[in-house]
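Peer 1: My structure is below; once you've seen it, I'll send some questions.
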Amino acid sequence: YGDFKMLTLNTKFLNTCALGASKEAMRYYLNGVFIHDKDGFRHYCATDGHILIYAKESIDEMPDDQKDPLPRDIILQFTKPIKTCLGRCEFVVNDKFATVFMGDKPDSFNIIDGCFPDYPKVMPDEEKTPDAHEFCMFAPEYLKIVREIFDKKYPENFKMESATSPCLMYNDDEPFKVVLMPIRV
């Protein structure tokens with residue numbers, strides 16, 4: 001199974017991003033949360049092609065004993081949320097799976113051997129994209145996820161080029177960004 005490495009991950013980011021992961025077997029590479037380190041940040045992202053959920057955290061702001069870089073970019077498959085009140089959990093990671101030890105029962109998650117899409121190309125640039133002035137229809141099941149992410153409210157910011165383009169939603173004081181794709185008629 002290769003070499004093992006201890007890795008500390010943000011459980012809130014994992015659980016929240018996992019709400020956007022695909023459950024389609026044909027799109028197995030979207031069945032998890034993509035985690036990678038870039039430009040001093042650890043990025044978390046999941047998408048099913050209709051919703052994309054993203055968060056990042058500064059590696060410099062992590063406790064010193066948790067700043068270890070990822071051994072490589074990983075897609076961590078989620079079949080259930082990690083049940084803990086801890087903000088961060090230590091995982092034992094190798095090429096095939098990641099195991100978190102919580103209480104007396106470990107939970108293991110497969111590492112998907114696949115190529116995650118280039119999600120930054122889908123995300124509207126929050127600086128360059130204008131505020132939304134017109135909307136099209138969004139699927140109700142995805143709006144429900146948006147409300148869950150933002151504590152039963154809708155986000156404050158909506159960025160969208162036109163009624164047929166992806167919509168970036170976020171709050172200035174929260175780490176999560178959500179992109180919804182409009183329903184095409």
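Order determines the names: the first chain of the structure tokens is A, the second B, and so forth; residues in each chain are numbered 1 upward, and ligands are numbered 1 upward as they are shown.
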Which residues of region 85-177 of chain A come within 7 Å of region 8-11 of chain A, and for each one, what is the closest pair of atoms and their distance in Å to one decimal, counting only C-alpha atoms, sorted by chain and residue number, as a tab-separated table?
Peer 2:
residue	atom	partner	partner_atom	distance
A:Gly87	CA	A:Thr11	CA	5.6
A:Arg88	CA	A:Asn10	CA	4.4
A:Cys89	CA	A:Thr8	CA	5.4
A:Glu90	CA	A:Thr8	CA	4.3
A:Phe91	CA	A:Thr8	CA	6.0
Peer 1: Residues of region 54-155 of chain A that have any atom at most 12 Å from an atom of region 16-40 of chain A: could you tabulate them with the shortest-distance atom pair and the distance in Å to one decimal, using only C-alpha atoms, ordered by chain and increasing number, as CSV?
Peer 2:
residue,atom,partner,partner_atom,distance
A:Tyr54,CA,A:Cys17,CA,6.3
A:Ala55,CA,A:Cys17,CA,7.6
A:Lys56,CA,A:Asp37,CA,9.3
A:Glu57,CA,A:Gly40,CA,8.7
A:Ser58,CA,A:Gly40,CA,6.1
A:Ile59,CA,A:Gly40,CA,5.6
A:Asp60,CA,A:Gly40,CA,7.0
A:Glu61,CA,A:Gly40,CA,9.8
A:Met62,CA,A:Gly40,CA,10.9
A:Lys67,CA,A:Gly40,CA,10.2
A:Asp68,CA,A:Asp37,CA,10.2
A:Pro69,CA,A:Asp37,CA,7.0
A:Leu70,CA,A:Asp37,CA,6.7
A:Pro71,CA,A:His36,CA,9.3
A:Arg72,CA,A:His36,CA,7.2
A:Asp73,CA,A:His36,CA,4.7
A:Ile74,CA,A:Ile35,CA,5.4
A:Ile75,CA,A:Phe34,CA,4.3
A:Leu76,CA,A:Gly32,CA,5.0
A:Gln77,CA,A:Gly32,CA,3.9
A:Phe78,CA,A:Gly32,CA,5.4
A:Thr79,CA,A:Gly32,CA,8.5
A:Lys80,CA,A:Ala18,CA,8.8
A:Pro81,CA,A:Ala18,CA,7.8
A:Ile82,CA,A:Ala18,CA,10.2
A:Phe109,CA,A:Gly32,CA,9.4
A:Asn110,CA,A:Gly32,CA,9.0
A:Ile111,CA,A:Gly32,CA,8.4
A:Ile112,CA,A:Tyr29,CA,6.4
A:Asp113,CA,A:Tyr29,CA,7.4
A:Gly114,CA,A:Tyr29,CA,5.2
A:Cys115,CA,A:Tyr29,CA,6.3
A:Phe116,CA,A:Tyr29,CA,6.0
A:Pro117,CA,A:Leu30,CA,8.4
A:Asp118,CA,A:Phe34,CA,10.6
A:Tyr119,CA,A:Phe34,CA,9.8
A:Glu141,CA,A:Gly20,CA,10.9
A:Tyr142,CA,A:Gly20,CA,8.6
A:Leu143,CA,A:Gly20,CA,11.5
A:Lys144,CA,A:Leu19,CA,10.7
A:Ile145,CA,A:Leu19,CA,7.1
A:Val146,CA,A:Leu19,CA,9.5
A:Arg147,CA,A:Leu19,CA,11.7
A:Glu148,CA,A:Thr16,CA,9.0
A:Ile149,CA,A:Thr16,CA,6.8
A:Phe150,CA,A:Thr16,CA,10.2
A:Asp151,CA,A:Thr16,CA,11.5
Peer 1: Figure out the distance between CA of Lys83 (chain A) and CA of Lys152 (chain A), please, to one decimal in Å.
Peer 2: 20.2 Å
Peer 1: Hey, which of A:Ala139, A:Ile53, A:Val179, A:Gln66 ends up closest to Asp125 (chain A)? Count only C-alpha atoms.
Peer 2: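 Of A:Ala139, A:Ile53, A:Val179, A:Gln66, the one nearest Asp125 (chain A), counting only C-alpha atoms, is A:Val179.
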Peer 1: Can you tell me, as a PyMOL selection string, which residues in chain A count as strand (DSSP E) by DSSP?
Peer 2: chain A and resi 5-10+32-38+41-47+51-58+74-77+88-93+97-102+105-110+157-159+167-170+177-180
Peer 1: What is the CA of Met169 (chain A)-CA of Val122 (chain A) distance in Å, reported with one decimal?
Peer 2: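 Interatomic distance here is 13.1 Å.
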Peer 1: From the options A:Thr84, A:Asn171, A:Ser165, A:Ser108, which residue's atoms come nearest to Lys153 (chain A), counting only C-alpha atoms?
Peer 2: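 Of A:Thr84, A:Asn171, A:Ser165, A:Ser108, the one nearest Lys153 (chain A) is A:Asn171, counting only C-alpha atoms.
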Peer 1: What does the structure give for the distance between CA of Pro182 (chain A) and CA of Pro124 (chain A), in Å to one decimal?
Peer 2: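 CA of Pro124 (chain A) lies 13.4 Å from CA of Pro182 (chain A).
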Peer 1: Using DSSP assignments from the backbone, pull out every residue in region 20-184 of chain A that falls under alpha helix (DSSP H) and give it to me as a VMD selection string.
Peer 2: chain A and resid 140 to 149
Peer 1: Keeping all heavy atoms for every residue in the selection just given, could you write it to a file as a PDB file, in the first residue's frame?
Peer 2:
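This is the output file part_3.pdb:
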ATOM      1  N   PRO A 140     -33.806  23.277  -6.873  1.00  0.00           N
ATOM      2  CA  PRO A 140     -34.127  23.431  -5.449  1.00  0.00           C
ATOM      3  C   PRO A 140     -33.243  22.595  -4.527  1.00  0.00           C
ATOM      4  O   PRO A 140     -32.882  23.038  -3.436  1.00  0.00           O
ATOM      5  CB  PRO A 140     -35.583  22.980  -5.349  1.00  0.00           C
ATOM      6  CG  PRO A 140     -36.118  23.088  -6.723  1.00  0.00           C
ATOM      7  CD  PRO A 140     -34.968  22.905  -7.658  1.00  0.00           C
ATOM      8  N   GLU A 141     -32.844  21.382  -4.952  1.00  0.00           N
ATOM      9  CA  GLU A 141     -32.003  20.552  -4.080  1.00  0.00           C
ATOM     10  C   GLU A 141     -30.635  21.192  -3.841  1.00  0.00           C
ATOM     11  O   GLU A 141     -30.026  21.016  -2.791  1.00  0.00           O
ATOM     12  CB  GLU A 141     -31.866  19.124  -4.618  1.00  0.00           C
ATOM     13  CG  GLU A 141     -31.164  19.008  -5.948  1.00  0.00           C
ATOM     14  CD  GLU A 141     -32.085  19.028  -7.170  1.00  0.00           C
ATOM     15  OE1 GLU A 141     -33.204  19.561  -7.101  1.00  0.00           O
ATOM     16  OE2 GLU A 141     -31.655  18.504  -8.209  1.00  0.00           O
ATOM     17  N   TYR A 142     -30.152  21.981  -4.816  1.00  0.00           N
ATOM     18  CA  TYR A 142     -28.871  22.659  -4.632  1.00  0.00           C
ATOM     19  C   TYR A 142     -29.029  23.926  -3.802  1.00  0.00           C
ATOM     20  O   TYR A 142     -28.143  24.271  -3.023  1.00  0.00           O
ATOM     21  CB  TYR A 142     -28.224  22.948  -5.987  1.00  0.00           C
ATOM     22  CG  TYR A 142     -27.873  21.672  -6.708  1.00  0.00           C
ATOM     23  CD1 TYR A 142     -28.482  21.321  -7.903  1.00  0.00           C
ATOM     24  CD2 TYR A 142     -26.947  20.786  -6.163  1.00  0.00           C
ATOM     25  CE1 TYR A 142     -28.175  20.134  -8.543  1.00  0.00           C
ATOM     26  CE2 TYR A 142     -26.630  19.599  -6.792  1.00  0.00           C
ATOM     27  CZ  TYR A 142     -27.245  19.274  -7.978  1.00  0.00           C
ATOM     28  OH  TYR A 142     -26.937  18.098  -8.605  1.00  0.00           O
ATOM     29  N   LEU A 143     -30.144  24.614  -3.942  1.00  0.00           N
ATOM     30  CA  LEU A 143     -30.407  25.778  -3.090  1.00  0.00           C
ATOM     31  C   LEU A 143     -30.513  25.358  -1.624  1.00  0.00           C
ATOM     32  O   LEU A 143     -30.088  26.086  -0.727  1.00  0.00           O
ATOM     33  CB  LEU A 143     -31.672  26.502  -3.541  1.00  0.00           C
ATOM     34  CG  LEU A 143     -31.546  27.248  -4.868  1.00  0.00           C
ATOM     35  CD1 LEU A 143     -32.901  27.781  -5.302  1.00  0.00           C
ATOM     36  CD2 LEU A 143     -30.518  28.366  -4.769  1.00  0.00           C
ATOM     37  N   LYS A 144     -31.041  24.173  -1.392  1.00  0.00           N
ATOM     38  CA  LYS A 144     -31.134  23.646  -0.023  1.00  0.00           C
ATOM     39  C   LYS A 144     -29.727  23.435   0.557  1.00  0.00           C
ATOM     40  O   LYS A 144     -29.469  23.742   1.723  1.00  0.00           O
ATOM     41  CB  LYS A 144     -31.914  22.332  -0.036  1.00  0.00           C
ATOM     42  CG  LYS A 144     -32.140  21.745   1.319  1.00  0.00           C
ATOM     43  CD  LYS A 144     -32.967  20.475   1.226  1.00  0.00           C
ATOM     44  CE  LYS A 144     -33.103  19.837   2.588  1.00  0.00           C
ATOM     45  NZ  LYS A 144     -33.812  18.574   2.540  1.00  0.00           N
ATOM     46  N   ILE A 145     -28.806  22.922  -0.257  1.00  0.00           N
ATOM     47  CA  ILE A 145     -27.419  22.738   0.181  1.00  0.00           C
ATOM     48  C   ILE A 145     -26.776  24.091   0.483  1.00  0.00           C
ATOM     49  O   ILE A 145     -26.073  24.250   1.483  1.00  0.00           O
ATOM     50  CB  ILE A 145     -26.604  21.954  -0.873  1.00  0.00           C
ATOM     51  CG1 ILE A 145     -27.114  20.513  -0.971  1.00  0.00           C
ATOM     52  CG2 ILE A 145     -25.114  21.976  -0.542  1.00  0.00           C
ATOM     53  CD1 ILE A 145     -26.539  19.724  -2.138  1.00  0.00           C
ATOM     54  N   VAL A 146     -27.035  25.092  -0.374  1.00  0.00           N
ATOM     55  CA  VAL A 146     -26.482  26.436  -0.149  1.00  0.00           C
ATOM     56  C   VAL A 146     -26.938  26.964   1.208  1.00  0.00           C
ATOM     57  O   VAL A 146     -26.144  27.472   1.992  1.00  0.00           O
ATOM     58  CB  VAL A 146     -26.898  27.403  -1.284  1.00  0.00           C
ATOM     59  CG1 VAL A 146     -26.558  28.848  -0.928  1.00  0.00           C
ATOM     60  CG2 VAL A 146     -26.244  27.004  -2.594  1.00  0.00           C
ATOM     61  N   ARG A 147     -28.216  26.814   1.508  1.00  0.00           N
ATOM     62  CA  ARG A 147     -28.736  27.284   2.801  1.00  0.00           C
ATOM     63  C   ARG A 147     -28.112  26.514   3.961  1.00  0.00           C
ATOM     64  O   ARG A 147     -27.842  27.086   5.018  1.00  0.00           O
ATOM     65  CB  ARG A 147     -30.261  27.180   2.833  1.00  0.00           C
ATOM     66  CG  ARG A 147     -30.923  28.263   1.999  1.00  0.00           C
ATOM     67  CD  ARG A 147     -32.432  28.161   1.988  1.00  0.00           C
ATOM     68  NE  ARG A 147     -33.040  28.066   3.304  1.00  0.00           N
ATOM     69  CZ  ARG A 147     -33.387  29.094   4.074  1.00  0.00           C
ATOM     70  NH1 ARG A 147     -33.162  30.314   3.648  1.00  0.00           N
ATOM     71  NH2 ARG A 147     -33.959  28.903   5.240  1.00  0.00           N
ATOM     72  N   GLU A 148     -27.867  25.235   3.777  1.00  0.00           N
ATOM     73  CA  GLU A 148     -27.220  24.438   4.829  1.00  0.00           C
ATOM     74  C   GLU A 148     -25.798  24.942   5.092  1.00  0.00           C
ATOM     75  O   GLU A 148     -25.373  25.066   6.244  1.00  0.00           O
ATOM     76  CB  GLU A 148     -27.200  22.964   4.413  1.00  0.00           C
ATOM     77  CG  GLU A 148     -26.670  22.052   5.472  1.00  0.00           C
ATOM     78  CD  GLU A 148     -26.762  20.577   5.079  1.00  0.00           C
ATOM     79  OE1 GLU A 148     -27.579  20.210   4.214  1.00  0.00           O
ATOM     80  OE2 GLU A 148     -25.982  19.794   5.654  1.00  0.00           O
ATOM     81  N   ILE A 149     -25.076  25.255   4.046  1.00  0.00           N
ATOM     82  CA  ILE A 149     -23.701  25.734   4.188  1.00  0.00           C
ATOM     83  C   ILE A 149     -23.657  27.074   4.912  1.00  0.00           C
ATOM     84  O   ILE A 149     -22.803  27.315   5.752  1.00  0.00           O
ATOM     85  CB  ILE A 149     -23.021  25.845   2.805  1.00  0.00           C
ATOM     86  CG1 ILE A 149     -22.818  24.448   2.220  1.00  0.00           C
ATOM     87  CG2 ILE A 149     -21.696  26.601   2.898  1.00  0.00           C
ATOM     88  CD1 ILE A 149     -22.428  24.449   0.762  1.00  0.00           C
TER      89      ILE A 149
END
Peer 1: Just the residues within 12 Å of Asp173 (chain A), please, counting only C-alpha atoms, with nothing from its chain fewer than 2 positions along; format it as a list in words.
Peer 2: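 The filter keeps Phe150, Pro155, Glu156, Asn157, Tyr170, Asn171, Pro175, Phe176 and Lys177 of chain A.
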